[in-house]
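Chemist: Pasting structure02.csv here (CSV, C-alpha atoms):
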```csv
chain,number,residue,atom,x,y,z
A,582,MET,CA,50.0,55.8,44.9
A,583,GLY,CA,49.5,52.7,42.8
A,584,LYS,CA,46.5,51.9,40.7
A,585,LEU,CA,43.8,49.6,42.0
A,586,LYS,CA,43.9,46.2,40.3
A,587,LYS,CA,40.7,45.8,38.2
A,588,GLN,CA,38.7,43.0,39.5
A,589,SER,CA,37.1,40.8,36.9
A,590,LYS,CA,34.7,38.1,37.5
A,591,ARG,CA,35.6,34.8,36.0
A,592,ASN,CA,33.1,33.3,33.5
A,593,THR,CA,31.6,30.3,35.2
A,594,PHE,CA,28.9,27.9,34.0
A,595,ASN,CA,25.5,28.6,35.4
A,596,TYR,CA,23.9,25.3,36.4
A,597,ASN,CA,20.6,26.9,37.1
A,598,LYS,CA,19.9,27.8,33.5
A,599,ASN,CA,18.9,25.2,30.9
A,600,LYS,CA,20.8,26.3,27.8
A,601,LYS,CA,19.1,23.9,25.5
A,602,LYS,CA,15.7,25.2,26.6
A,603,LEU,CA,16.7,28.8,26.2
A,604,ASN,CA,18.1,28.2,22.6
A,605,ARG,CA,14.9,26.4,21.6
A,606,LYS,CA,12.8,29.3,23.0
A,607,LEU,CA,14.9,31.8,21.0
A,608,ARG,CA,14.5,29.8,17.8
A,609,ARG,CA,10.7,29.7,18.3
A,610,LYS,CA,10.5,33.4,18.8
A,611,GLU,CA,12.6,34.0,15.7
A,612,LYS,CA,10.6,31.8,13.4
A,613,PRO,CA,7.3,30.4,14.7
A,614,ARG,CA,6.3,26.9,13.6
A,615,ILE,CA,3.4,26.9,11.1
A,616,GLU,CA,1.2,23.8,11.7
A,617,CYS,CA,-0.8,23.9,8.4
A,618,PRO,CA,1.4,22.2,5.8
A,619,GLN,CA,-0.2,24.2,2.9
A,620,ILE,CA,0.6,27.5,4.5
A,621,ARG,CA,4.0,26.4,5.5
A,622,LYS,CA,4.8,25.3,1.9
A,623,ALA,CA,3.7,28.6,0.5
A,624,TRP,CA,5.3,30.8,3.2
A,625,ASP,CA,7.9,33.4,2.1
A,626,ASP,CA,10.3,34.3,4.9
A,627,HIS,CA,11.2,37.6,3.3
A,628,LYS,CA,7.6,38.9,3.5
A,629,THR,CA,5.6,40.0,6.5
A,630,VAL,CA,2.8,37.9,7.9
A,631,LYS,CA,0.2,40.2,6.5
A,632,GLN,CA,1.8,40.1,3.0
A,633,ASN,CA,2.1,36.3,3.1
A,634,LEU,CA,-1.6,35.9,4.1
A,635,GLN,CA,-2.8,38.3,1.4
A,636,ASP,CA,-0.8,36.5,-1.2
A,637,MET,CA,-2.6,33.3,-0.2
A,638,GLY,CA,-6.0,34.9,-0.1
A,639,LEU,CA,-6.3,34.6,3.6
A,640,SER,CA,-6.8,37.3,6.3
A,641,LEU,CA,-5.0,37.8,9.6
A,642,GLY,CA,-8.2,38.8,11.4
A,643,THR,CA,-11.7,40.0,10.8
A,644,LYS,CA,-11.0,43.7,11.3
A,645,GLY,CA,-11.5,45.5,8.1
A,646,LEU,CA,-12.4,42.4,6.2
A,647,LEU,CA,-16.1,43.2,5.5
A,648,PRO,CA,-16.9,46.9,5.5
A,649,ILE,CA,-20.2,47.9,7.1
A,650,LYS,CA,-22.2,49.9,4.6
A,651,ALA,CA,-25.3,52.0,5.0
A,652,LYS,CA,-28.6,50.2,4.5
A,653,LYS,CA,-29.5,52.6,1.6
A,654,ASP,CA,-26.7,51.3,-0.5
A,655,THR,CA,-27.8,47.8,-1.4
A,656,LYS,CA,-25.4,47.3,-4.3
A,657,SER,CA,-22.9,44.6,-3.4
A,658,GLU,CA,-19.5,45.0,-5.0
A,659,PRO,CA,-17.1,42.0,-4.9
A,660,MET,CA,-14.0,42.7,-2.8
A,661,GLU,CA,-10.9,43.1,-4.9
A,662,THR,CA,-8.3,40.6,-3.8
A,663,ASN,CA,-5.0,40.1,-5.3
A,664,VAL,CA,-4.4,36.4,-4.7
A,665,LEU,CA,-1.0,35.2,-6.0
A,666,LYS,CA,-1.2,31.7,-4.5
A,667,PRO,CA,-4.8,30.4,-5.0
A,668,TYR,CA,-3.6,26.8,-4.7
A,669,VAL,CA,-3.3,27.2,-0.9
A,670,ILE,CA,-7.0,27.8,-0.4
A,671,LYS,CA,-7.9,25.0,-2.8
A,672,GLU,CA,-5.7,22.5,-1.0
A,673,MET,CA,-7.1,23.6,2.4
A,674,GLU,CA,-10.7,23.2,1.2
A,675,ALA,CA,-9.9,19.8,-0.2
A,676,GLU,CA,-8.4,18.7,3.1
A,677,ALA,CA,-11.4,20.1,5.0
A,678,SER,CA,-13.8,18.3,2.8
A,679,LEU,CA,-12.2,14.9,3.6
A,680,ARG,CA,-14.0,12.9,6.3
A,681,GLY,CA,-11.9,12.2,9.3
A,682,LYS,CA,-11.1,8.7,10.4
A,683,ASN,CA,-13.2,7.2,13.1
A,684,LYS,CA,-10.8,6.7,16.0
A,685,THR,CA,-13.2,4.9,18.4
A,686,THR,CA,-12.0,1.4,19.2
A,687,CYS,CA,-13.1,-1.4,21.6
A,688,SER,CA,-10.8,-2.8,24.2
A,689,THR,CA,-9.9,-6.5,23.9
A,690,ASP,CA,-11.8,-7.2,27.1
A,691,MET,CA,-14.9,-5.7,25.7
A,692,THR,CA,-14.7,-7.6,22.4
A,693,GLU,CA,-14.3,-10.9,24.3
A,694,TYR,CA,-17.2,-9.9,26.6
A,695,VAL,CA,-19.5,-9.1,23.6
A,696,GLN,CA,-18.5,-12.2,21.7
A,697,HIS,CA,-19.2,-14.4,24.7
A,698,MET,CA,-22.6,-12.7,25.3
A,699,VAL,CA,-23.6,-13.0,21.6
A,700,LYS,CA,-22.3,-16.6,21.4
A,701,GLU,CA,-24.4,-17.6,24.5
A,702,HIS,CA,-27.6,-15.5,24.1
A,703,ASN,CA,-27.7,-14.2,20.4
A,704,GLU,CA,-29.9,-11.1,20.6
A,705,ASP,CA,-31.6,-11.7,24.0
A,706,TYR,CA,-30.2,-8.8,26.0
A,707,LYS,CA,-32.3,-9.6,29.1
A,708,ALA,CA,-30.7,-13.0,29.3
A,709,MET,CA,-27.3,-11.3,28.8
A,710,ALA,CA,-27.9,-9.1,31.8
A,711,ARG,CA,-28.6,-12.1,34.0
A,712,ASP,CA,-25.5,-14.0,32.7
A,713,GLU,CA,-22.8,-14.7,35.4
A,714,LYS,CA,-20.1,-13.2,33.1
A,715,ASN,CA,-21.8,-9.9,33.4
A,716,TYR,CA,-19.4,-8.8,36.1
A,717,TYR,CA,-20.2,-5.1,35.9
A,718,GLN,CA,-24.0,-5.8,36.2
A,719,ASP,CA,-24.8,-4.0,33.0
A,720,THR,CA,-28.4,-3.4,32.2
A,721,PRO,CA,-29.9,-4.8,28.9
A,722,LYS,CA,-29.7,-1.4,27.3
A,723,GLN,CA,-26.0,-1.0,28.3
A,724,ILE,CA,-25.2,-4.4,26.8
A,725,LYS,CA,-27.1,-3.5,23.7
A,726,ARG,CA,-25.0,-0.3,23.3
A,727,LYS,CA,-21.8,-2.3,23.8
A,728,VAL,CA,-22.8,-4.8,21.1
A,729,GLU,CA,-23.7,-1.9,18.7
A,730,LEU,CA,-20.3,-0.2,19.5
A,731,TYR,CA,-18.5,-3.5,18.7
A,732,LYS,CA,-20.5,-3.7,15.4
A,733,ARG,CA,-19.6,-0.2,14.5
A,734,CYS,CA,-15.9,-0.4,15.4
A,735,HIS,CA,-15.1,-3.8,13.9
A,736,PRO,CA,-17.8,-4.6,11.3
A,737,GLU,CA,-15.7,-7.1,9.4
A,738,GLU,CA,-14.7,-9.0,12.5
A,739,TYR,CA,-18.3,-9.0,13.7
A,740,ALA,CA,-19.5,-10.3,10.4
A,741,ALA,CA,-16.9,-13.1,10.4
A,742,PHE,CA,-17.8,-13.9,14.0
A,743,ILE,CA,-21.5,-14.2,13.2
A,744,ALA,CA,-20.7,-16.3,10.1
A,745,SER,CA,-18.6,-18.7,12.2
A,746,LEU,CA,-21.5,-19.0,14.8
A,747,GLN,CA,-24.0,-19.8,12.1
A,748,SER,CA,-21.7,-22.4,10.5
A,749,GLN,CA,-21.2,-24.0,14.0
A,750,ASN,CA,-25.0,-24.1,14.6
A,751,SER,CA,-25.7,-25.7,11.2
A,752,THR,CA,-23.4,-28.6,11.8
```
How would this structure read if it were set down as structure tokens?
Modeler:
Amino acid sequence: MGKLKKQSKRNTFNYNKNKKKLNRKLRRKEKPRIECPQIRKAWDDHKTVKQNLQDMGLSLGTKGLLPIKAKKDTKSEPMETNVLKPYVIKEMEAEASLRGKNKTTCSTDMTEYVQHMVKEHNEDYKAMARDEKNYYQDTPKQIKRKVELYKRCHPEEYAAFIASLQSQNST
């Protein structure tokens, strides 16, 4: 009797798998992306996570960080840390101490609305509430809050606007 012919399946492209996505997922598992630029710069790929963080003076978790001692022993001994890269902590503290930018802005519609109201009524919020341009029927307090928001978001623009109003009134 003759031998059975070995059946081999042809390699065909699988359209149901997204190869680009799979490769990206593998790369992420291999080497995770570190968001903090200071840590990323000081990271050593040949060391473990724990070793890297110890070198920088950071800790992976809170477990074992501060030992719980008996109440009788009140002497506090500083923990011995072998920090090889202290600049990482200094850079992170410097970045944390910087004040973040104020990201609140006013829409162009609201700036036009506030400018119109201030131009017509100055600081009279009750008259602003009765104005026919008050489409949303804002109360005097709501209009006051909008004016204050505009002052806070665009202080230079508001100052220039008030200066131009005063110059128009004086002539």
Chemist: Ranking A:Glu672, A:Cys687, A:His697, A:Glu729 by minimum distance to Cys617 (chain A) and counting all atoms listed in the file, which one comes first?
Modeler: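 Ranking A:Glu672, A:Cys687, A:His697, A:Glu729 by distance to Cys617 (chain A), first place goes to A:Glu672.
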Chemist: Please compute the CA of Ser640 (chain A)-CA of Arg621 (chain A) distance, one decimal, in Å.
Modeler: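 For CA of Ser640 (chain A) relative to CA of Arg621 (chain A), the distance reads 15.4 Å.
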Chemist: Residues near region 681-686 of chain A, anyone? I mean within 12 Å using all atoms listed in the file, not counting same-chain ones fewer than 6 positions away, as a PyMOL selection string.
Modeler: chain A and resi 692+727+730-736
Chemist: List the neighbours of region 605-615 of chain A out to 12 Å using all atoms listed in the file; skip same-chain residues closer than 3 positions along the sequence, and give me the result as number ranges by chain.
Modeler: A: 599-602, 618-627, 629-630
Chemist: Select, from A:Leu639, A:Ile743, A:Met691, A:Ala708, the residue with the minimum atom-to-atom distance to Val669 (chain A), counting all atoms listed in the file.
Modeler: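 When distances to Val669 (chain A) are compared using all atoms listed in the file, the smallest one comes from A:Leu639.
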Chemist: Would you mind telling me which residue in A:Gln632, A:Ser678, A:Asn703, A:Asn663 lies nearest to Ile724 (chain A) when using all atoms listed in the file?
Modeler: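 Nearest candidate to Ile724 (chain A) out of A:Gln632, A:Ser678, A:Asn703, A:Asn663: A:Asn703.
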Chemist: Which value, in Å to one decimal, gives the distance between CA of Tyr739 (chain A) and CA of Tyr716 (chain A)?
Modeler: 22.4 Å
Chemist: Put region 665-677 of chain A into a file with all heavy atoms, as an mmCIF file, in the first residue's frame.
Modeler:
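Here's the written file selection-v5.cif:
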```
data_model
loop_
_atom_site.group_PDB
_atom_site.id
_atom_site.type_symbol
_atom_site.label_atom_id
_atom_site.label_comp_id
_atom_site.auth_asym_id
_atom_site.auth_seq_id
_atom_site.Cartn_x
_atom_site.Cartn_y
_atom_site.Cartn_z
ATOM 1 N N LEU A 665 20.876 57.025 43.978
ATOM 2 C CA LEU A 665 21.939 57.273 43.000
ATOM 3 C C LEU A 665 21.599 58.430 42.065
ATOM 4 O O LEU A 665 22.483 59.059 41.502
ATOM 5 C CB LEU A 665 22.202 56.011 42.170
ATOM 6 C CG LEU A 665 22.655 54.779 42.964
ATOM 7 C CD1 LEU A 665 22.756 53.581 42.040
ATOM 8 C CD2 LEU A 665 23.977 55.049 43.652
ATOM 9 N N LYS A 666 20.296 58.680 41.904
ATOM 10 C CA LYS A 666 19.850 59.732 40.975
ATOM 11 C C LYS A 666 18.931 60.715 41.706
ATOM 12 O O LYS A 666 17.729 60.741 41.482
ATOM 13 C CB LYS A 666 19.119 59.106 39.795
ATOM 14 C CG LYS A 666 19.970 58.110 39.015
ATOM 15 C CD LYS A 666 19.170 57.375 37.983
ATOM 16 C CE LYS A 666 20.025 56.348 37.278
ATOM 17 N NZ LYS A 666 19.259 55.531 36.346
ATOM 18 N N PRO A 667 19.477 61.577 42.560
ATOM 19 C CA PRO A 667 18.620 62.495 43.314
ATOM 20 C C PRO A 667 18.042 63.621 42.460
ATOM 21 O O PRO A 667 17.055 64.247 42.833
ATOM 22 C CB PRO A 667 19.564 63.065 44.384
ATOM 23 C CG PRO A 667 20.918 62.931 43.791
ATOM 24 C CD PRO A 667 20.876 61.701 42.931
ATOM 25 N N TYR A 668 18.611 63.853 41.298
ATOM 26 C CA TYR A 668 18.115 64.928 40.435
ATOM 27 C C TYR A 668 16.693 64.665 39.949
ATOM 28 O O TYR A 668 15.960 65.599 39.618
ATOM 29 C CB TYR A 668 19.066 65.160 39.253
ATOM 30 C CG TYR A 668 19.219 63.965 38.332
ATOM 31 C CD1 TYR A 668 18.371 63.789 37.248
ATOM 32 C CD2 TYR A 668 20.211 63.020 38.535
ATOM 33 C CE1 TYR A 668 18.492 62.718 36.397
ATOM 34 C CE2 TYR A 668 20.361 61.943 37.690
ATOM 35 C CZ TYR A 668 19.495 61.787 36.624
ATOM 36 O OH TYR A 668 19.637 60.722 35.786
ATOM 37 N N VAL A 669 16.297 63.401 39.911
ATOM 38 C CA VAL A 669 14.940 63.067 39.447
ATOM 39 C C VAL A 669 13.912 63.660 40.404
ATOM 40 O O VAL A 669 12.956 64.316 39.985
ATOM 41 C CB VAL A 669 14.765 61.534 39.333
ATOM 42 C CG1 VAL A 669 13.333 61.185 38.975
ATOM 43 C CG2 VAL A 669 15.706 60.966 38.305
ATOM 44 N N ILE A 670 14.114 63.461 41.708
ATOM 45 C CA ILE A 670 13.166 63.973 42.705
ATOM 46 C C ILE A 670 13.160 65.493 42.684
ATOM 47 O O ILE A 670 12.102 66.125 42.751
ATOM 48 C CB ILE A 670 13.527 63.455 44.112
ATOM 49 C CG1 ILE A 670 13.314 61.950 44.150
ATOM 50 C CG2 ILE A 670 12.684 64.132 45.174
ATOM 51 C CD1 ILE A 670 13.704 61.308 45.448
ATOM 52 N N LYS A 671 14.341 66.110 42.557
ATOM 53 C CA LYS A 671 14.418 67.575 42.532
ATOM 54 C C LYS A 671 13.658 68.144 41.339
ATOM 55 O O LYS A 671 12.928 69.126 41.462
ATOM 56 C CB LYS A 671 15.880 68.023 42.503
ATOM 57 C CG LYS A 671 16.594 67.765 43.811
ATOM 58 C CD LYS A 671 18.062 68.121 43.720
ATOM 59 C CE LYS A 671 18.771 67.723 45.004
ATOM 60 N NZ LYS A 671 20.221 67.749 44.866
ATOM 61 N N GLU A 672 13.832 67.524 40.161
ATOM 62 C CA GLU A 672 13.124 67.988 38.961
ATOM 63 C C GLU A 672 11.617 67.807 39.106
ATOM 64 O O GLU A 672 10.841 68.686 38.710
ATOM 65 C CB GLU A 672 13.624 67.238 37.725
ATOM 66 C CG GLU A 672 15.022 67.619 37.292
ATOM 67 C CD GLU A 672 15.512 66.782 36.124
ATOM 68 O OE1 GLU A 672 14.731 65.956 35.593
ATOM 69 O OE2 GLU A 672 16.683 66.953 35.747
ATOM 70 N N MET A 673 11.208 66.683 39.695
ATOM 71 C CA MET A 673 9.769 66.436 39.876
ATOM 72 C C MET A 673 9.166 67.420 40.877
ATOM 73 O O MET A 673 8.056 67.909 40.670
ATOM 74 C CB MET A 673 9.534 64.997 40.326
ATOM 75 C CG MET A 673 9.790 63.978 39.235
ATOM 76 S SD MET A 673 9.685 62.289 39.804
ATOM 77 C CE MET A 673 7.939 62.088 40.013
ATOM 78 N N GLU A 674 9.891 67.737 41.941
ATOM 79 C CA GLU A 674 9.403 68.716 42.918
ATOM 80 C C GLU A 674 9.319 70.105 42.296
ATOM 81 O O GLU A 674 8.380 70.860 42.556
ATOM 82 C CB GLU A 674 10.326 68.748 44.136
ATOM 83 C CG GLU A 674 10.156 67.557 45.054
ATOM 84 C CD GLU A 674 11.164 67.528 46.185
ATOM 85 O OE1 GLU A 674 12.149 68.305 46.140
ATOM 86 O OE2 GLU A 674 10.976 66.725 47.109
ATOM 87 N N ALA A 675 10.317 70.449 41.450
ATOM 88 C CA ALA A 675 10.298 71.753 40.794
ATOM 89 C C ALA A 675 9.101 71.864 39.854
ATOM 90 O O ALA A 675 8.432 72.906 39.795
ATOM 91 C CB ALA A 675 11.594 71.962 40.019
ATOM 92 N N GLU A 676 8.808 70.792 39.132
ATOM 93 C CA GLU A 676 7.667 70.804 38.210
ATOM 94 C C GLU A 676 6.344 70.879 38.975
ATOM 95 O O GLU A 676 5.410 71.565 38.562
ATOM 96 C CB GLU A 676 7.682 69.549 37.339
ATOM 97 C CG GLU A 676 6.602 69.536 36.286
ATOM 98 C CD GLU A 676 6.604 68.282 35.442
ATOM 99 O OE1 GLU A 676 7.609 67.562 35.427
ATOM 100 O OE2 GLU A 676 5.579 68.043 34.792
ATOM 101 N N ALA A 677 6.281 70.183 40.119
ATOM 102 C CA ALA A 677 5.050 70.185 40.913
ATOM 103 C C ALA A 677 4.803 71.540 41.556
ATOM 104 O O ALA A 677 3.656 71.931 41.775
ATOM 105 C CB ALA A 677 5.119 69.108 41.987
#
```
